[in-house]
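So the structure is just underneath, and the comments pick up after that.
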Amino acid sequence: MESWQRGRLSASRDRWLHSPLGWLLLCILLGYSSRVLVPLGWLSIVLATLGGLCLLSAYLYGWRASGTVGATKWSGRLVALSLGLALTLGARLYYSHTMQTLERPLSLERGEVMARLIDSPSPRDRGQSWDVELLSGADRGRRIRLYTQDTLVPQVGDSLVLWIDHYEGIGQATPPSRYRDYLLSLGLSGTARGRSIAHHPTPRAHLLASHPTLLALRCRDYLRTRLGQIGLSPYAESVLTGIALGYIPRDSVGRSIRGEFTAGAVVHLLAVSGFHLAVVVGALTLILGCIPGMRRHHRLRWGIVLLGGWAFTLLTGCTIPTLRAALMLTLYAGARGLGRPTSLPEVLALPALIQLLISPTSLLSVSLPLTYLALLGIYLFYQPIYRSVGRLRSHPLSYLWSGIALTLSVQPLVLPLSLYFFGYSSLAFVFTSLPLTLLATLLIPVTLVVLLLLAVGASGLPAPLVEGLEGLTELMRGLTNAFADVPLLHLRCSLSLTELVGLYTLLMVLLLLSRLRAEYHHSPTPAPVES
């Protein structure tokens with residue numbers, strides 16, 4: 001009880017419970033998740049009724065006590081609860097409207113339709129897949145994924161005249177599947193099969209004025225094309241574009257790479273996220289630190305770091321994990337540049353809040369809970385794991401152990417979620433995570449520098465550099481496959497939602513008890529009273 005009032009638990013409680021953004025994010029999450037778990041309409045009526053009753057009770061209680069609503073503590077709490085219920089109801093209705101818009105059947109029939117390519121074409125074993133936005137008819141603005149056997153490879157932002165042979169909407173996909181949730185998280189309303197009839201290229205100047213993110217994707221495709229011209233193998237080219245640009249093709253090579261990295265428990269390296277942005281920011285900080293006089297201009301230094309971070313975010317297509325990390329970086333670097341203290345609840349809550357308001361269906365993406373649970377795991381478990389071996393006087397050994405502790409701290413919260421989503425998790429991270437993370441930390445900035453050289457007109461690269469990139473990617477391949485045949489490292493167990501919540505509840509109770517025990521043993525012993 002003393003820890004809850006004055007100890008570390010009290011500090012954590014005050015930090016999070018006194019954050020308005022934290023409470024707002026909680027209301028949004030409750031509203032969205034209630035629509036997913038209980039899609040029935042009666043729950044909205046219950047929330048509205050409870051909110052009205054709380055507000056009426058606050059009015060009657062406050063007026064009876066002092067003649068003013070909210071003048072007493074309990075009436076103020078009832079008003080806050082009514083406001084929270086209203087926000088939760090609003091979030092639920094907003095999510096319901098978004099889902100109904102995406103699930104509403106399209107008026108597509110067999111025939112012609114105008115569309116715009118909104119993502120990089122991805123090769124498949126037989127044909128290609130295009131994400132397009134419809135530009136004609138009643139379905140204008142809706143997005144679908146088109147599977148085609150065309151040999152045409154349009155650029156992002158180009159306009160197309162398509163012939164649709166077959167269409168299947170999201171609402172027609174029964175039963176709901178992970179692939180359906182994946183399409184919804186991207187804002188896609190369904191899939192179709194067809195071909196291109198006409199192709200109308202869009203100039204870059206027009207994209208810059210109307211769709212700058214599409215222009216950034218077009219630049220990414222240009223860099224991928226240039227990288228493919230330096231003589232790398234398909235495997236090395238795909239790995240480098242995956243870890244540096246966030247693009248992995250959906251063909252056999254891409255599936256093989258994903259399978260190998262999944263078995264090696266390092267598939268997160270292929271999805272551009274906060275780790276990749278941190279590597280880019282770290283490299284920029286290191287370079288700026290070597291420039292004479294830059295240390296004295298800390299605002300300029302943080303401004304350059306922010307500019308580089310957002311440039312990388314745009315270049316990788318403004319994916320949700322990278323955009324979320326860029327927003328966190330903006331809050332942190334902005335506070336540091338202005339000389340103000342950073343607030344952890346706001347740094348974590350505001351990017352998630354903006355993401356959920358802009359794209360409610362991103363709640364269905366796997367990256368959102370995995371990212372925040374990984375951050376929470378680092379916050380809760382990194383220091384206890386790192387300090388468990390005592391003080392390490394050797395700096396290389398300390399650095400090595402900090403990397404292992406960082407890897408281990410993520411697993412208590414991420415492992416159960418992986419079993420819930422995929423029914424599979426690899427324990428090979430104990431052996432592969434640290435060396436492959438170090439390799440990726442080296443390859444990401446090197447690949448970006450190579451792409452920059454190719455973008456400014458370099459005709460080729462020195463043979464030793466190409467061979468070095470090929471050798472490092474082969475080393476990554478060897479490490480990911482080294483433990484693929486060890487059965488004990490592959491955990492296959494499907495968890496239900498009830499089991500997942502039970503595991504997290506048990507883990508939080510054990511963590512709370514350990515914190516209380518640690519504070520009890522470190523609390524000062526009261527001095528004896530002399531008689």
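Each chain in the structure tokens gets a letter, A, B, ..., in the order shown, and its residues are numbered from 1; ligands are numbered from 1 in order too.
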Residues within 10 Å of Thr441 in chain A, only C-alpha atoms, excluding chain neighbours under 2 positions, as a ChimeraX atom specification: /A:243,269,275-276,278-280,282-283,435-439,443-446
Where does range 214-306 of chain A meet range 324-333 of chain A within 10 Å, residue by residue, with the nearest atom pair and distance in Å to one decimal for each, counting only C-alpha atoms, listed by chain and rising number, as CSV?
residue,atom,partner,partner_atom,distance
A:Ser273,CA,A:Ala325,CA,7.0
A:Gly274,CA,A:Ala325,CA,4.9
A:Phe275,CA,A:Ala325,CA,8.6
A:His276,CA,A:Ala325,CA,9.5
A:Leu277,CA,A:Ala325,CA,7.2
A:Ala278,CA,A:Ala325,CA,8.5
A:Val281,CA,A:Leu329,CA,9.2
A:Arg299,CA,A:Ala333,CA,9.1
A:Arg301,CA,A:Ala333,CA,9.7
A:Trp302,CA,A:Ala333,CA,6.0
A:Gly303,CA,A:Ala333,CA,8.0
A:Val305,CA,A:Ala333,CA,8.2
A:Leu306,CA,A:Thr330,CA,6.5
DSSP strand (DSSP E or B) selection over range 121-159 of chain A, as a ChimeraX atom specification: /A:122-124,127-134,143-148,159
Distance query Gly403 in chain A at most 12 Å, only C-alpha atoms, self and fewer than 2 positions along chain excluded, as a ChimeraX atom specification: /A:378,382-383,385-386,396-401,405-410,429-438
Selection export as a compact mmCIF listing (two decimals), in the first residue's frame, atoms kept: N, CA, C and O atoms:
# COMPACT_ATOMS: atom_id res chain seq x y z
N ILE A 378 10.31 -3.64 -23.25
CA ILE A 378 11.62 -3.02 -23.01
C ILE A 378 11.56 -2.14 -21.76
O ILE A 378 12.47 -2.13 -20.93
N TYR A 382 13.78 -4.58 -19.42
CA TYR A 382 15.18 -4.43 -19.84
C TYR A 382 16.11 -4.20 -18.66
O TYR A 382 17.13 -4.88 -18.53
N GLN A 383 15.79 -3.24 -17.82
CA GLN A 383 16.68 -2.93 -16.70
C GLN A 383 16.84 -4.11 -15.73
O GLN A 383 17.97 -4.42 -15.32
N ILE A 385 16.63 -7.32 -16.39
CA ILE A 385 17.44 -8.35 -17.03
C ILE A 385 18.90 -7.90 -17.14
O ILE A 385 19.83 -8.67 -16.86
N TYR A 386 19.11 -6.63 -17.52
CA TYR A 386 20.48 -6.14 -17.68
C TYR A 386 21.23 -6.14 -16.34
O TYR A 386 22.43 -6.46 -16.29
N PRO A 396 33.05 -3.92 -24.09
CA PRO A 396 32.51 -4.81 -25.13
C PRO A 396 31.53 -5.83 -24.56
O PRO A 396 30.48 -6.11 -25.17
N LEU A 397 31.87 -6.40 -23.40
CA LEU A 397 30.97 -7.38 -22.79
C LEU A 397 29.67 -6.73 -22.35
O LEU A 397 28.59 -7.32 -22.49
N SER A 398 29.77 -5.50 -21.82
CA SER A 398 28.56 -4.79 -21.40
C SER A 398 27.67 -4.49 -22.60
O SER A 398 26.44 -4.62 -22.52
N TYR A 399 28.28 -4.08 -23.72
CA TYR A 399 27.50 -3.79 -24.93
C TYR A 399 26.83 -5.06 -25.45
O TYR A 399 25.67 -5.04 -25.86
N LEU A 400 27.56 -6.17 -25.43
CA LEU A 400 27.01 -7.44 -25.90
C LEU A 400 25.84 -7.87 -25.02
O LEU A 400 24.79 -8.29 -25.53
N TRP A 401 26.00 -7.75 -23.72
CA TRP A 401 24.94 -8.18 -22.81
C TRP A 401 23.72 -7.25 -22.92
O TRP A 401 22.58 -7.69 -22.79
N ALA A 405 20.03 -8.50 -23.51
CA ALA A 405 18.97 -8.12 -22.58
C ALA A 405 17.83 -7.43 -23.31
O ALA A 405 16.65 -7.63 -23.00
N LEU A 406 18.17 -6.61 -24.31
CA LEU A 406 17.13 -5.94 -25.09
C LEU A 406 16.28 -6.94 -25.85
O LEU A 406 15.05 -6.83 -25.92
N THR A 407 16.94 -7.96 -26.41
CA THR A 407 16.21 -9.01 -27.14
C THR A 407 15.30 -9.80 -26.21
O THR A 407 14.14 -10.09 -26.54
N LEU A 408 15.83 -10.16 -25.04
CA LEU A 408 15.05 -10.96 -24.09
C LEU A 408 13.89 -10.17 -23.50
O LEU A 408 12.83 -10.74 -23.22
N SER A 409 14.07 -8.86 -23.30
CA SER A 409 13.02 -8.06 -22.67
C SER A 409 11.77 -7.95 -23.52
O SER A 409 10.68 -7.73 -22.99
N VAL A 410 11.90 -8.12 -24.82
CA VAL A 410 10.75 -8.00 -25.71
C VAL A 410 9.86 -9.25 -25.65
O VAL A 410 8.64 -9.16 -25.80
N PHE A 429 15.52 -16.74 -31.71
CA PHE A 429 15.95 -15.36 -31.49
C PHE A 429 17.11 -15.30 -30.49
O PHE A 429 17.90 -14.35 -30.50
N VAL A 430 17.19 -16.28 -29.60
CA VAL A 430 18.27 -16.30 -28.61
C VAL A 430 19.63 -16.32 -29.31
O VAL A 430 20.60 -15.72 -28.83
N PHE A 431 19.71 -16.97 -30.46
CA PHE A 431 20.99 -17.12 -31.16
C PHE A 431 21.12 -16.17 -32.36
O PHE A 431 22.23 -15.80 -32.73
N THR A 432 19.99 -15.81 -32.98
CA THR A 432 20.06 -15.07 -34.24
C THR A 432 19.81 -13.58 -34.11
O THR A 432 20.29 -12.80 -34.94
N SER A 433 19.05 -13.17 -33.12
CA SER A 433 18.60 -11.79 -33.07
C SER A 433 19.76 -10.80 -32.99
O SER A 433 19.80 -9.82 -33.76
N LEU A 434 20.69 -11.03 -32.09
CA LEU A 434 21.78 -10.06 -31.91
C LEU A 434 22.70 -9.98 -33.13
O LEU A 434 22.94 -8.87 -33.64
N PRO A 435 23.24 -11.10 -33.66
CA PRO A 435 24.13 -10.95 -34.82
C PRO A 435 23.42 -10.41 -36.06
O PRO A 435 23.99 -9.59 -36.80
N LEU A 436 22.18 -10.82 -36.29
CA LEU A 436 21.47 -10.33 -37.47
C LEU A 436 21.07 -8.86 -37.31
O LEU A 436 21.05 -8.11 -38.29
N THR A 437 20.77 -8.45 -36.09
CA THR A 437 20.49 -7.03 -35.86
C THR A 437 21.73 -6.19 -36.11
O THR A 437 21.65 -5.09 -36.69
N LEU A 438 22.90 -6.67 -35.68
CA LEU A 438 24.15 -5.96 -35.94
C LEU A 438 24.43 -5.88 -37.44
O LEU A 438 24.85 -4.83 -37.96
Of the listed residues A:Ser359, A:Ser494, A:Thr473, A:Asn481, that which approaches Leu417 in chain A most closely, counting only C-alpha atoms: A:Ser494
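All residues within range 86-122 of chain A that the backbone DSSP calculation assigns to alpha helix (DSSP H) are Ala86, Leu87, Thr88, Leu89, Gly90, Ala91, Arg92, Leu93, Tyr94, Tyr95, Ser96, His97, Thr98, Met99, Gln100, Thr101, Leu102 and Glu103 of chain A.
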Shell around Ser96 in chain A at 12 Å using only C-alpha atoms, local window under 6 positions removed, as a ChimeraX atom specification: /A:31-36,38-41,44,89-90,102-104,360-361
Shortest interatomic distance to Ile28 in chain A - which of A:Arg387, A:His395, A:Arg92, A:His200, counting only C-alpha atoms: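 Closest candidate: A:Arg92.
Going from CA of Ala352 in chain A to CA of Leu186 in chain A covers 16.1 Å.
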Quick one: everything within 8 Å of Pro234 in chain A, counting only C-alpha atoms, minus sequence neighbours fewer than 3 positions away in the same chain. Send it as a short mmCIF file (atom, residue, chain, number, x, y, z; two decimals) with all heavy atoms, in the first residue's frame.
data_model
loop_
_atom_site.label_atom_id
_atom_site.label_comp_id
_atom_site.auth_asym_id
_atom_site.auth_seq_id
_atom_site.Cartn_x
_atom_site.Cartn_y
_atom_site.Cartn_z
N GLU A 237 19.42 -8.77 -53.70
CA GLU A 237 18.66 -7.57 -54.07
C GLU A 237 17.38 -7.47 -53.26
O GLU A 237 17.02 -6.39 -52.76
CB GLU A 237 18.34 -7.62 -55.56
CG GLU A 237 17.56 -6.41 -56.06
CD GLU A 237 17.16 -6.57 -57.51
OE1 GLU A 237 17.75 -7.42 -58.21
OE2 GLU A 237 16.25 -5.84 -57.94
N SER A 238 16.68 -8.59 -53.09
CA SER A 238 15.42 -8.57 -52.34
C SER A 238 15.66 -8.28 -50.86
O SER A 238 14.90 -7.54 -50.23
CB SER A 238 14.68 -9.91 -52.50
OG SER A 238 14.34 -10.14 -53.85
N VAL A 253 10.83 -15.87 -54.57
CA VAL A 253 12.00 -15.39 -53.84
C VAL A 253 11.57 -14.66 -52.57
O VAL A 253 12.13 -14.87 -51.49
CB VAL A 253 12.86 -14.47 -54.73
CG1 VAL A 253 14.03 -13.89 -53.94
CG2 VAL A 253 13.37 -15.24 -55.94
#
